[in-house]
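Participant: Data file target-v9.cif (mmCIF, C-alpha atoms and all ligand atoms) is appended below.
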data_input
#
loop_
_atom_site.label_atom_id
_atom_site.label_comp_id
_atom_site.auth_asym_id
_atom_site.auth_seq_id
_atom_site.Cartn_x
_atom_site.Cartn_y
_atom_site.Cartn_z
CA MET A 94 12.82 -29.78 -5.62
CA LYS A 95 10.99 -26.58 -6.47
CA LYS A 96 10.80 -24.19 -3.49
CA THR A 97 7.13 -23.42 -4.11
CA ALA A 98 4.17 -25.20 -5.61
CA LEU A 99 2.68 -21.91 -6.74
CA SER A 100 2.04 -21.39 -10.43
CA GLU A 101 3.89 -18.79 -12.46
CA LEU A 102 0.69 -16.74 -12.51
CA ALA A 103 0.38 -16.85 -8.72
CA ARG A 104 4.02 -15.93 -8.26
CA ARG A 105 3.68 -13.01 -10.68
CA THR A 106 0.54 -11.67 -9.03
CA GLY A 107 1.22 -8.86 -6.56
CA GLU A 108 -1.30 -7.89 -3.88
CA PRO A 109 -3.91 -5.83 -5.69
CA ALA A 110 -3.88 -2.25 -4.39
CA ILE A 111 -7.68 -2.33 -4.36
CA SER A 112 -7.59 -5.06 -1.69
CA TRP A 113 -5.41 -3.20 0.80
CA LEU A 114 -7.07 0.15 0.08
CA MET A 115 -10.51 -1.31 0.79
CA LYS A 116 -9.23 -3.13 3.88
CA LEU A 117 -7.58 0.04 5.23
CA THR A 118 -10.92 1.79 4.82
CA LEU A 119 -12.95 -0.95 6.50
CA ASP A 120 -10.41 -1.43 9.34
CA HIS A 121 -10.34 2.28 10.24
CA PRO A 122 -13.93 3.44 10.46
CA LYS A 123 -12.77 6.91 11.56
CA LEU A 124 -10.59 7.34 8.47
CA ILE A 125 -12.14 9.58 5.84
CA SER A 126 -11.66 7.56 2.70
CA LEU A 127 -11.57 9.48 -0.53
CA ALA A 128 -9.82 6.44 -1.98
CA ALA A 129 -11.73 3.28 -2.78
CA GLY A 130 -14.46 3.70 -5.36
CA PHE A 131 -17.34 2.71 -3.07
CA THR A 132 -20.75 3.87 -4.24
CA ASP A 133 -22.97 6.22 -2.22
CA ASN A 134 -24.47 4.36 0.73
CA ALA A 135 -27.40 6.68 1.40
CA SER A 136 -28.89 6.30 -2.09
CA LEU A 137 -28.59 2.53 -2.44
CA PRO A 138 -32.01 1.31 -3.65
CA VAL A 139 -32.95 -0.67 -0.53
CA ALA A 140 -36.71 -0.12 -0.76
CA GLU A 141 -36.76 -0.82 -4.51
CA ALA A 142 -34.76 -4.03 -4.05
CA GLN A 143 -37.02 -5.10 -1.20
CA THR A 144 -40.15 -4.71 -3.35
CA VAL A 145 -38.60 -6.47 -6.34
CA LEU A 146 -37.27 -9.38 -4.26
CA HIS A 147 -40.53 -9.73 -2.32
CA ASP A 148 -42.57 -9.86 -5.53
CA LEU A 149 -40.07 -12.24 -7.12
CA LEU A 150 -40.04 -14.69 -4.25
CA ALA A 151 -43.83 -14.57 -3.94
CA SER A 152 -44.21 -15.51 -7.61
CA PRO A 153 -43.61 -18.78 -9.48
CA ALA A 154 -40.32 -17.24 -10.69
CA GLY A 155 -39.03 -17.41 -7.10
CA ARG A 156 -37.97 -21.03 -7.35
CA PRO A 157 -35.88 -20.73 -10.54
CA ALA A 158 -34.32 -17.57 -9.09
CA LEU A 159 -32.89 -19.67 -6.27
CA GLN A 160 -31.66 -22.31 -8.72
CA TYR A 161 -28.55 -22.41 -10.94
CA GLY A 162 -28.94 -20.65 -14.26
CA SER A 163 -27.03 -20.66 -17.54
CA THR A 164 -23.44 -19.56 -18.16
CA ALA A 165 -24.38 -16.71 -20.51
CA GLY A 166 -27.01 -15.34 -18.14
CA ASP A 167 -30.74 -14.86 -17.75
CA ALA A 168 -32.50 -14.46 -21.10
CA LEU A 169 -34.64 -11.50 -20.01
CA LEU A 170 -31.70 -9.63 -18.51
CA ARG A 171 -29.62 -10.21 -21.65
CA GLU A 172 -32.48 -8.88 -23.76
CA LEU A 173 -33.12 -5.82 -21.57
CA THR A 174 -29.40 -5.08 -21.40
CA ALA A 175 -28.90 -5.24 -25.16
CA VAL A 176 -31.95 -3.01 -25.73
CA ARG A 177 -30.78 -0.50 -23.12
CA VAL A 178 -27.34 -0.07 -24.67
CA GLN A 179 -28.87 0.00 -28.14
CA SER A 180 -31.24 2.81 -27.24
CA ALA A 181 -28.41 4.76 -25.56
CA ASP A 182 -26.40 4.37 -28.78
CA GLY A 183 -29.37 5.36 -30.96
CA HIS A 184 -28.36 2.53 -33.23
CA ARG A 185 -30.65 0.58 -35.53
CA ASP A 186 -28.55 -2.48 -36.35
CA ALA A 187 -29.91 -5.19 -34.04
CA ARG A 188 -27.02 -7.48 -35.02
CA VAL A 189 -24.68 -5.27 -33.01
CA HIS A 190 -26.69 -4.88 -29.82
CA ASP A 191 -27.75 -8.48 -29.93
CA PRO A 192 -28.87 -10.40 -26.80
CA ASP A 193 -27.05 -13.43 -28.23
CA ARG A 194 -23.79 -11.47 -28.02
CA THR A 195 -24.59 -10.16 -24.54
CA LEU A 196 -22.94 -11.98 -21.65
CA ILE A 197 -23.93 -11.37 -18.04
CA THR A 198 -20.94 -11.42 -15.71
CA SER A 199 -20.18 -11.16 -12.01
CA GLY A 200 -19.41 -7.47 -12.14
CA SER A 201 -17.82 -5.97 -15.22
CA GLN A 202 -14.53 -6.75 -13.48
CA GLN A 203 -15.05 -10.41 -14.39
CA LEU A 204 -15.59 -9.45 -18.02
CA LEU A 205 -12.34 -7.47 -18.07
CA TYR A 206 -10.52 -10.44 -16.56
CA LEU A 207 -12.03 -13.10 -18.82
CA THR A 208 -11.59 -11.00 -21.96
CA THR A 209 -7.94 -10.38 -21.19
CA GLU A 210 -7.46 -14.07 -20.59
CA ALA A 211 -9.29 -14.99 -23.80
CA LEU A 212 -7.11 -12.70 -25.92
CA CYS A 213 -3.68 -12.58 -24.30
CA ASP A 214 -0.81 -14.94 -23.59
CA PRO A 215 2.15 -14.02 -21.38
CA GLY A 216 4.37 -11.56 -23.24
CA ASP A 217 1.50 -10.07 -25.24
CA ILE A 218 0.92 -6.34 -25.36
CA VAL A 219 -2.10 -4.25 -24.33
CA LEU A 220 -2.43 -0.52 -24.97
CA VAL A 221 -3.84 1.44 -22.05
CA GLU A 222 -4.58 5.07 -21.28
CA ASP A 223 -1.96 6.95 -19.31
CA PRO A 224 -3.24 6.92 -16.53
CA THR A 225 -5.76 4.07 -16.45
CA TYR A 226 -7.98 2.03 -14.09
CA PHE A 227 -5.46 0.55 -11.67
CA VAL A 228 -7.31 -2.71 -11.08
CA PHE A 229 -7.03 -3.47 -14.80
CA LEU A 230 -3.27 -3.06 -14.47
CA GLY A 231 -3.40 -5.82 -11.84
CA ILE A 232 -4.96 -8.14 -14.44
CA THR A 233 -2.29 -7.40 -17.05
CA GLN A 234 0.54 -7.73 -14.50
CA SER A 235 -0.81 -11.04 -13.25
CA HIS A 236 -1.02 -12.45 -16.78
CA GLY A 237 2.54 -11.42 -17.61
CA LEU A 238 1.46 -8.86 -20.21
CA HIS A 239 3.27 -5.73 -21.30
CA THR A 240 1.41 -2.44 -21.35
CA ARG A 241 2.16 0.52 -23.56
CA SER A 242 0.60 3.73 -22.31
CA ILE A 243 -1.12 6.23 -24.56
CA ARG A 244 -1.11 9.85 -23.43
CA MET A 245 -4.42 11.51 -22.71
CA GLU A 246 -5.93 14.82 -23.70
CA HIS A 247 -8.99 16.43 -22.13
CA ASP A 248 -11.27 14.52 -24.52
CA GLY A 249 -9.57 11.16 -24.32
CA ILE A 250 -6.51 9.50 -25.79
CA ASP A 251 -4.02 11.39 -27.90
CA LEU A 252 -4.49 9.89 -31.37
CA ALA A 253 -1.11 11.12 -32.61
CA HIS A 254 0.55 9.29 -29.74
CA LEU A 255 -1.51 6.17 -30.43
CA GLU A 256 -0.28 6.22 -34.04
CA GLN A 257 3.29 6.79 -32.88
CA VAL A 258 3.19 3.80 -30.51
CA LEU A 259 1.59 1.57 -33.16
CA THR A 260 4.31 2.60 -35.62
CA GLU A 261 7.05 1.88 -33.07
CA LEU A 262 5.59 -1.55 -32.38
CA LYS A 263 5.43 -2.24 -36.11
CA ARG A 264 9.07 -1.21 -36.63
CA ALA A 265 10.17 -3.36 -33.71
CA GLY A 266 8.28 -6.36 -35.13
CA GLU A 267 6.11 -6.45 -31.99
CA LEU A 268 2.68 -5.90 -33.54
CA PRO A 269 1.89 -9.64 -33.67
CA ARG A 270 1.86 -9.50 -29.85
CA LEU A 271 -0.55 -6.57 -29.68
CA LYS A 272 -4.09 -7.74 -28.87
CA MET A 273 -6.13 -4.79 -27.73
CA LEU A 274 -6.57 -1.20 -26.69
CA TYR A 275 -8.31 -0.73 -23.32
CA LEU A 276 -10.24 2.52 -22.88
CA VAL A 277 -12.30 3.65 -19.88
CA SER A 278 -14.30 5.88 -22.13
CA TYR A 279 -16.85 7.62 -19.86
CA PHE A 280 -15.82 9.82 -16.89
CA GLN A 281 -12.65 7.84 -16.73
CA ASN A 282 -11.32 6.25 -13.60
CA PRO A 283 -9.12 8.05 -12.51
CA THR A 284 -9.19 11.34 -14.48
CA GLY A 285 -12.93 11.85 -14.98
CA ARG A 286 -12.37 12.48 -18.71
CA THR A 287 -14.66 11.19 -21.46
CA THR A 288 -13.42 9.99 -24.84
CA SER A 289 -15.41 11.57 -27.64
CA PHE A 290 -17.21 9.34 -30.13
CA ALA A 291 -15.06 10.78 -32.92
CA LYS A 292 -11.91 9.74 -31.09
CA LYS A 293 -13.16 6.23 -30.50
CA ARG A 294 -13.93 5.88 -34.20
CA ALA A 295 -10.54 7.31 -35.19
CA ALA A 296 -8.76 4.97 -32.75
CA LEU A 297 -10.55 1.97 -34.28
CA GLU A 298 -9.62 3.15 -37.77
CA LEU A 299 -5.98 3.34 -36.70
CA LEU A 300 -6.04 -0.11 -35.11
CA GLN A 301 -7.48 -1.52 -38.30
CA LYS A 302 -4.69 0.05 -40.37
CA PHE A 303 -2.14 -1.92 -38.35
CA GLU A 304 -3.99 -5.25 -38.39
CA ARG A 305 -2.26 -6.52 -41.53
CA ALA A 306 1.14 -6.17 -39.93
CA ALA A 307 -0.21 -7.73 -36.72
CA GLY A 308 -1.60 -10.70 -38.63
CA HIS A 309 -4.78 -10.79 -36.55
CA PRO A 310 -7.61 -8.52 -35.35
CA ILE A 311 -6.77 -5.86 -32.77
CA TYR A 312 -9.73 -5.18 -30.48
CA LEU A 313 -10.97 -2.17 -28.58
CA LEU A 314 -12.09 -3.07 -25.07
CA GLU A 315 -14.43 -0.21 -24.18
CA ASP A 316 -15.05 -0.04 -20.43
CA ALA A 317 -18.22 2.01 -19.96
CA ALA A 318 -18.50 1.48 -16.19
CA TYR A 319 -19.44 5.12 -15.48
CA ARG A 320 -21.57 5.81 -18.55
CA GLU A 321 -24.84 6.16 -16.68
CA LEU A 322 -23.37 8.26 -13.86
CA ARG A 323 -23.45 11.46 -15.87
CA PHE A 324 -24.53 14.77 -14.37
CA THR A 325 -25.83 16.27 -17.60
CA ALA A 326 -28.30 14.96 -20.15
CA THR A 327 -25.89 14.46 -23.04
CA ASP A 328 -24.56 10.98 -23.64
CA GLU A 329 -21.72 10.06 -25.97
CA ARG A 330 -22.38 7.07 -28.26
CA SER A 331 -20.30 3.98 -27.62
CA ALA A 332 -17.81 2.43 -30.02
CA LEU A 333 -20.51 -0.15 -30.86
CA ALA A 334 -22.17 2.60 -32.91
CA THR A 335 -19.17 2.91 -35.25
CA ALA A 336 -18.67 0.90 -38.42
CA PHE A 337 -16.02 -1.12 -36.53
CA SER A 338 -18.39 -2.77 -34.04
CA HIS A 339 -16.97 -6.19 -35.03
CA ARG A 340 -13.77 -5.13 -33.25
CA VAL A 341 -15.45 -3.74 -30.13
CA ILE A 342 -15.82 -5.47 -26.79
CA TYR A 343 -18.16 -3.36 -24.67
CA ALA A 344 -18.05 -3.76 -20.88
CA GLY A 345 -20.91 -2.37 -18.80
CA THR A 346 -22.10 -2.69 -15.23
CA TYR A 347 -25.16 -2.33 -13.01
CA SER A 348 -22.89 -1.79 -9.98
CA LYS A 349 -22.48 1.96 -10.23
CA PRO A 350 -25.97 2.98 -11.44
CA PHE A 351 -27.87 0.59 -9.16
CA ALA A 352 -26.23 -1.59 -6.52
CA SER A 353 -22.53 -2.33 -6.26
CA GLY A 354 -23.32 -5.11 -3.78
CA ALA A 355 -25.21 -7.02 -6.48
CA ARG A 356 -22.13 -7.00 -8.74
CA VAL A 357 -24.02 -7.66 -11.95
CA GLY A 358 -22.10 -6.61 -15.03
CA PHE A 359 -22.17 -7.48 -18.69
CA GLY A 360 -20.35 -7.51 -21.99
CA ILE A 361 -21.43 -7.13 -25.61
CA LEU A 362 -18.87 -9.01 -27.65
CA PRO A 363 -18.10 -9.98 -31.25
CA PRO A 364 -19.34 -13.58 -31.77
CA GLU A 365 -15.90 -15.24 -31.81
CA ILE A 366 -14.86 -13.48 -28.60
CA PHE A 367 -18.25 -14.16 -27.00
CA THR A 368 -17.76 -17.91 -27.52
CA ALA A 369 -14.24 -17.90 -26.07
CA VAL A 370 -15.15 -15.74 -23.07
CA ALA A 371 -18.33 -17.73 -22.34
CA ARG A 372 -16.34 -20.97 -22.36
CA ILE A 373 -13.81 -19.58 -19.89
CA LYS A 374 -16.66 -18.23 -17.74
CA GLY A 375 -18.13 -21.74 -17.81
CA ASN A 376 -14.97 -22.96 -16.13
CA HIS A 377 -14.99 -20.03 -13.68
CA ASP A 378 -18.52 -20.08 -12.33
CA PHE A 379 -20.86 -21.47 -15.06
CA GLY A 380 -23.15 -18.50 -14.46
CA THR A 381 -23.55 -15.35 -12.40
CA SER A 382 -25.88 -15.51 -9.38
CA ASN A 383 -29.37 -16.08 -10.72
CA LEU A 384 -31.05 -14.30 -7.82
CA LEU A 385 -29.07 -11.12 -8.41
CA GLN A 386 -29.71 -11.26 -12.15
CA GLN A 387 -33.43 -11.52 -11.41
CA LEU A 388 -33.17 -8.49 -9.14
CA LEU A 389 -31.71 -6.45 -11.99
CA ALA A 390 -33.99 -7.86 -14.69
CA ARG A 391 -37.07 -7.00 -12.63
CA ALA A 392 -35.78 -3.58 -11.62
CA LEU A 393 -35.21 -2.81 -15.30
CA ALA A 394 -38.54 -4.28 -16.46
CA SER A 395 -40.63 -2.55 -13.78
CA GLY A 396 -39.13 0.88 -14.34
CA ALA A 397 -37.64 0.98 -10.81
CA TYR A 398 -34.16 1.23 -12.30
CA ALA A 399 -35.06 4.07 -14.66
CA LYS A 400 -36.74 5.94 -11.80
CA HIS A 401 -33.78 5.51 -9.46
CA LEU A 402 -31.09 6.58 -11.93
CA PRO A 403 -31.83 10.34 -12.13
CA LEU A 404 -31.93 10.52 -8.31
CA LEU A 405 -28.52 8.93 -8.24
CA GLN A 406 -27.15 11.24 -10.92
CA ARG A 407 -28.33 14.27 -8.94
CA ARG A 408 -26.91 12.83 -5.75
CA TYR A 409 -23.44 12.32 -7.26
CA ALA A 410 -23.54 15.73 -8.93
CA ALA A 411 -24.21 17.26 -5.49
CA LYS A 412 -21.41 15.24 -3.89
CA ALA A 413 -19.03 16.27 -6.69
CA ALA A 414 -19.94 19.92 -6.10
CA ARG A 415 -19.29 19.50 -2.38
CA MET A 416 -15.86 18.18 -3.16
CA THR A 417 -14.89 20.80 -5.74
CA ASN A 418 -16.19 23.65 -3.56
CA ALA A 419 -13.99 22.41 -0.72
CA ILE A 420 -11.01 21.98 -3.06
CA ARG A 421 -11.44 25.54 -4.29
CA GLU A 422 -11.39 26.73 -0.70
CA HIS A 423 -8.63 24.57 0.78
CA PHE A 424 -6.16 23.42 -1.89
CA PRO A 425 -3.18 25.55 -2.89
CA ALA A 426 -3.61 27.11 -6.33
CA GLU A 427 -0.66 25.12 -7.69
CA VAL A 428 -2.76 21.92 -7.55
CA ARG A 429 -4.67 21.51 -10.82
CA TRP A 430 -7.97 19.68 -11.19
CA ALA A 431 -11.07 19.69 -13.37
CA GLU A 432 -14.77 19.83 -12.53
CA PRO A 433 -16.17 16.30 -13.11
CA GLN A 434 -19.18 15.95 -15.41
CA GLY A 435 -19.98 12.45 -14.18
CA GLY A 436 -18.46 9.41 -12.51
CA LEU A 437 -17.01 9.30 -9.01
CA TYR A 438 -13.65 11.05 -9.17
CA VAL A 439 -11.67 14.26 -9.11
CA TRP A 440 -8.12 13.94 -10.41
CA ALA A 441 -5.85 16.39 -8.58
CA GLN A 442 -2.43 17.15 -10.03
CA ALA A 443 0.20 18.66 -7.75
CA PRO A 444 3.42 20.10 -9.20
CA ARG A 445 5.86 17.29 -10.13
CA ARG A 446 8.12 17.94 -7.14
CA ARG A 447 5.26 17.09 -4.74
CA THR A 448 5.29 13.30 -4.70
CA THR A 449 2.03 11.67 -3.65
CA GLY A 450 2.95 7.96 -3.73
CA VAL A 451 2.38 5.42 -0.97
CA LYS A 452 5.87 6.06 0.41
CA SER A 453 5.71 9.86 0.13
CA ARG A 454 5.63 12.23 3.10
CA LEU A 455 2.39 13.62 1.77
CA PHE A 456 0.58 10.27 1.72
CA GLN A 457 1.80 9.43 5.22
CA ALA A 458 0.92 12.89 6.57
CA ALA A 459 -2.56 12.58 5.05
CA LEU A 460 -3.01 9.19 6.74
CA GLN A 461 -1.95 10.73 10.05
CA GLN A 462 -4.59 13.40 9.52
CA GLY A 463 -7.07 10.57 8.96
CA VAL A 464 -7.64 10.92 5.23
CA LEU A 465 -6.93 8.46 2.45
CA TYR A 466 -6.62 9.00 -1.31
CA VAL A 467 -5.47 6.81 -4.21
CA PRO A 468 -1.90 7.78 -5.11
CA GLY A 469 -1.74 8.65 -8.80
CA GLU A 470 1.31 6.43 -9.34
CA LEU A 471 -0.88 3.33 -8.95
CA CYS A 472 -2.81 4.33 -12.06
CA TYR A 473 0.18 4.25 -14.40
CA GLY A 474 1.26 1.10 -16.20
CA HIS A 475 4.92 0.21 -16.44
CA ASP A 476 6.22 1.75 -19.67
CA SER A 477 9.90 2.04 -20.50
CA ALA A 478 9.14 5.03 -22.73
CA ARG A 479 8.53 7.34 -19.74
CA ARG A 480 9.07 7.69 -16.01
CA ARG A 481 6.05 6.82 -13.92
CA PRO A 482 4.41 10.09 -12.80
CA ASN A 483 4.08 10.38 -9.03
CA HIS A 484 2.46 13.72 -8.23
CA GLU A 485 -1.27 13.11 -8.53
CA MET A 486 -4.20 11.98 -6.40
CA ARG A 487 -7.46 10.30 -7.27
CA LEU A 488 -10.13 11.66 -4.97
CA SER A 489 -13.45 9.87 -4.84
CA PHE A 490 -16.67 11.53 -3.71
CA GLY A 491 -18.59 8.27 -4.19
CA GLY A 492 -18.56 6.53 -0.84
CA ALA A 493 -17.70 9.28 1.66
CA LYS A 494 -20.48 10.73 3.82
CA ASP A 495 -21.64 14.24 2.85
CA ALA A 496 -20.08 15.93 5.87
CA ASP A 497 -16.83 13.99 5.49
CA ILE A 498 -16.15 15.25 1.97
CA PRO A 499 -15.31 18.87 2.94
CA ARG A 500 -13.71 17.64 6.16
CA GLY A 501 -11.42 15.25 4.27
CA ILE A 502 -10.55 17.87 1.66
CA GLU A 503 -9.79 20.44 4.35
CA ARG A 504 -7.38 18.02 6.05
CA LEU A 505 -5.75 17.18 2.73
CA GLY A 506 -5.52 20.87 1.94
CA ARG A 507 -3.70 21.45 5.23
CA VAL A 508 -1.19 18.72 4.39
CA LEU A 509 -0.70 20.18 0.89
CA GLN A 510 -0.28 23.73 2.24
CA ALA A 511 2.31 22.49 4.74
CA GLY A 512 4.61 21.81 1.76
N1 LIG A 601 -14.24 -0.63 -14.63
C1 LIG A 601 -13.93 0.49 -13.96
C2 LIG A 601 -13.31 1.62 -14.68
C3 LIG A 601 -14.20 0.58 -12.58
O1 LIG A 601 -13.88 1.68 -11.92
C4 LIG A 601 -14.81 -0.53 -11.91
C5 LIG A 601 -15.12 -0.49 -10.43
N2 LIG A 601 -14.29 0.26 -9.65
C6 LIG A 601 -15.09 -1.67 -12.67
C7 LIG A 601 -14.81 -1.67 -14.03
C8 LIG A 601 -15.68 -2.91 -12.07
O2 LIG A 601 -16.89 -2.72 -11.45
P1 LIG A 601 -17.94 -3.91 -11.26
O3 LIG A 601 -17.16 -5.19 -11.28
O4 LIG A 601 -18.58 -3.66 -9.95
O5 LIG A 601 -18.86 -3.84 -12.42
#
Represent the structure of the file as structure tokens.
Ligand code: PMP
Facilitator:
Amino acid sequence: MKKTALSELARRTGEPAISWLMKLTLDHPKLISLAAGFTDNASLPVAEAQTVLHDLLASPAGRPALQYGSTAGDALLRELTAVRVQSADGHRDARVHDPDRTLITSGSQQLLYLTTEALCDPGDIVLVEDPTYFVFLGITQSHGLHTRSIRMEHDGIDLAHLEQVLTELKRAGELPRLKMLYLVSYFQNPTGRTTSFAKKRAALELLQKFERAAGHPIYLLEDAAYRELRFTATDERSALATAFSHRVIYAGTYSKPFASGARVGFGILPPEIFTAVARIKGNHDFGTSNLLQQLLARALASGAYAKHLPLLQRRYAAKAARMTNAIREHFPAEVRWAEPQGGLYVWAQAPRRRTTGVKSRLFQAALQQGVLYVPGELCYGHDSARRRPNHEMRLSFGGAKDADIPRGIERLGRVLQAG
């Protein structure tokens, strides 16, 4: 008799770090958490949501909003979403930013999960940035996938390294197992770096060069979760605006720029992937909460969303400045970091000898001082080509209260200075 009834997937799946990090934060209200990527509490659009929901429920649309909807999502929200991304991309081809290719999901996290499931079987390979979004690594681990990590430069992935890895996979006869490249392209989680449009295009060109040897398309999964959380006016176009849009799966979210509690996300997908992902979503939940989709659709249509966004951008820019000012004052000079231009994170790199992992003295000492960060090691996929780095910290200024940001950094600085 088998000792467990659990599936192979369940047995493979470790406890996601995000779950215990968030629980640690919620269980210890006195702990200053610079860890979990919570959004800013003070600027959540409570009044805007109240108006929108009141108007919605007072109108004839109130009843359908409390009813099941369709798997692909509310028609108006799909339309407004496609138009919004299209205008950000300054792109004229309506076949690319097409509402029919736009799928509303329960957070963009669901899109990442469903897309991975639609493309990958156990043993398949996914290319990721080194480091990458650690929750995505949970998805690949759970599905029994192998990751190969592509080094990063200040403006995104290192194209020479991407080519080198693709060539190695080709030589080893492993390209038929390669399905996609996953990029967190705007103010990356965890490093805060943005991949330039030119690099995205060049990466797609490279992937295409290797498709013949792979025997199938190789997709770019572009995760644009932080795109709208920029501190400056300039926006980088997405990979949908390249000539390779038929190989691009674009993941976006309304969590960060509006309300993370609503968890409304979306994808813009090539038609064949859209069909596969929508079918799997049908089995998952046959549609994201209609009420929450209506909240977003109406916030977008009324202009409440557009009005709220710049306030939020200024708020996060101010919180980022609070954090970097405190880092400048309290961290030893040997710790390197960069001023974020958007997003929620500062990536702090200690010298290699200073380990920062969950089991390190530093992490434990920080906890004792009442401050929590995300150990950098969690953000690195397993890759036999290199040792997993363990000397970095992801520091989030998203959820912490204003006064707690310098306080938390000061405590962390003390721990770092103690050596
Ligand atoms: N992608 C990245 C890079 C993220 O950081 C997050 C949230 N931490 C998500 C996707 C998922 O966010 P949501 O499901 O709320 O859209």
Participant: Go through A:Glu315, A:Asp186, A:Asp476, A:Glu432 and flag the residue nearest ligand LIG 601 (chain A), using all atoms listed in the file for the distances.
Facilitator: A:Glu315
Participant: For segment 280-284 of chain A, list every protein, DNA or RNA residue within 10 Å, evaluated using only C-alpha atoms, and leave out those in the same chain fewer than 2 positions away; present the list as a ChimeraX atom specification.
Facilitator: /A:130,222-227,245,247,249,276-278,286-288,316-323,430-431,433-442,467,469,472,486-489
Participant: Rounded to one decimal in Å, what is the spacing between atom CA of Pro364 of chain A and atom CA of Ala187 of chain A?
Facilitator: 13.7 Å
Participant: Which polymer residues have any atom within 10 Å of an atom of Phe229 of chain A, counting all atoms listed in the file, with same-chain residues fewer than 6 positions away left out, as a list in words?
Facilitator: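 Returned residues: Pro109, Gln202, Leu205, Tyr206, Thr209, Val221, Ser235, Tyr275, Cys472 and Gly474 of chain A.
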Participant: Just the selected residues (C-alpha atoms), exported as a compact mmCIF listing (two decimals), in the coordinates of the input, please.
Facilitator:
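part.txt written:
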# COMPACT_ATOMS: atom_id res chain seq x y z
CA PRO A 109 -3.91 -5.83 -5.69
CA GLN A 202 -14.53 -6.75 -13.48
CA LEU A 205 -12.34 -7.47 -18.07
CA TYR A 206 -10.52 -10.44 -16.56
CA THR A 209 -7.94 -10.38 -21.19
CA VAL A 221 -3.84 1.44 -22.05
CA SER A 235 -0.81 -11.04 -13.25
CA TYR A 275 -8.31 -0.73 -23.32
CA CYS A 472 -2.81 4.33 -12.06
CA GLY A 474 1.26 1.10 -16.20
Participant: Please return as an MDAnalysis selection string every residue within 12 Å of (-31.1, -14.1, -8.5), taking into account all atoms listed in the file and the file's own coordinates.
Facilitator: chainID A and resid 142 145:146 149:150 154:163 166:167 170 199 355:357 380:392
Participant: May I have the selected residues written with C-alpha atoms, as a compact mmCIF listing (two decimals), keeping the file's coordinate frame?
Facilitator:
# COMPACT_ATOMS: atom_id res chain seq x y z
CA ALA A 142 -34.76 -4.03 -4.05
CA VAL A 145 -38.60 -6.47 -6.34
CA LEU A 146 -37.27 -9.38 -4.26
CA LEU A 149 -40.07 -12.24 -7.12
CA LEU A 150 -40.04 -14.69 -4.25
CA ALA A 154 -40.32 -17.24 -10.69
CA GLY A 155 -39.03 -17.41 -7.10
CA ARG A 156 -37.97 -21.03 -7.35
CA PRO A 157 -35.88 -20.73 -10.54
CA ALA A 158 -34.32 -17.57 -9.09
CA LEU A 159 -32.89 -19.67 -6.27
CA GLN A 160 -31.66 -22.31 -8.72
CA TYR A 161 -28.55 -22.41 -10.94
CA GLY A 162 -28.94 -20.65 -14.26
CA SER A 163 -27.03 -20.66 -17.54
CA GLY A 166 -27.01 -15.34 -18.14
CA ASP A 167 -30.74 -14.86 -17.75
CA LEU A 170 -31.70 -9.63 -18.51
CA SER A 199 -20.18 -11.16 -12.01
CA ALA A 355 -25.21 -7.02 -6.48
CA ARG A 356 -22.13 -7.00 -8.74
CA VAL A 357 -24.02 -7.66 -11.95
CA GLY A 380 -23.15 -18.50 -14.46
CA THR A 381 -23.55 -15.35 -12.40
CA SER A 382 -25.88 -15.51 -9.38
CA ASN A 383 -29.37 -16.08 -10.72
CA LEU A 384 -31.05 -14.30 -7.82
CA LEU A 385 -29.07 -11.12 -8.41
CA GLN A 386 -29.71 -11.26 -12.15
CA GLN A 387 -33.43 -11.52 -11.41
CA LEU A 388 -33.17 -8.49 -9.14
CA LEU A 389 -31.71 -6.45 -11.99
CA ALA A 390 -33.99 -7.86 -14.69
CA ARG A 391 -37.07 -7.00 -12.63
CA ALA A 392 -35.78 -3.58 -11.62
Participant: Check the smallest atom-to-atom distance from each of A:Val508, A:Leu124, A:Leu362, A:Ala165 to Lys374 of chain A using all atoms listed in the file, then report the winner.
Facilitator: A:Ala165
Participant: Atom CA of Ile197 of chain A and atom CA of Thr335 of chain A, how far apart in Å?
Facilitator: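 Atom-to-atom, atom CA of Thr335 of chain A and atom CA of Ile197 of chain A are spaced 22.9 Å apart.
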Participant: Nearest to ligand LIG 601 (chain A) among A:Lys349, A:Lys400, A:Lys95, A:Arg407, with distances taken over only C-alpha atoms and all ligand atoms: which residue is it?
Facilitator: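 Distance minimum relative to ligand LIG 601 (chain A) lands on A:Lys349.
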Participant: Leaving out Phe131 of chain A and any residue of its chain fewer than 4 positions from it, which residues lie within 10 Å of it when counting all atoms listed in the file, given as a list in words?
Facilitator: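 Close residues of Phe131 of chain A: Met115, Ser126, Leu127, Ser348, Lys349, Ser353, Gly354, Leu437, Ser489, Phe490, Gly491, Gly492 and Ala493 of chain A.
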Participant: Have a look at A:Met416, A:Gly463, A:Gly360, A:Ala411 and name the one nearest to ligand LIG 601 (chain A); count all atoms listed in the file.
Facilitator: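 Going through A:Met416, A:Gly463, A:Gly360, A:Ala411 one by one, the smallest distance to ligand LIG 601 (chain A) is for A:Gly360.
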Participant: Looking at A:Gln301, A:Ile250, A:Ser112, A:Gln510, which one is nearest to ligand LIG 601 (chain A), with distances taken over all atoms listed in the file?
Facilitator: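 Residue with the minimum atom-to-atom distance to ligand LIG 601 (chain A): A:Ser112.
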Participant: Just give me the gap between atom CA of Tyr279 of chain A and atom CA of Ala135 of chain A in Å, one decimal is fine.
Facilitator: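 A separation of 23.8 Å between them.
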Participant: Once you add 6 Å to each side, what are the centre and edge lengths of the axis-aligned box holding all listed atoms of segment 348-351 of chain A? One decimal in Å, as lines of an AutoDock Vina configuration file, if you can.
Facilitator:
center_x = -25.2
center_y = 0.6
center_z = -10.3
size_x = 17.4
size_y = 16.8
size_z = 14.3
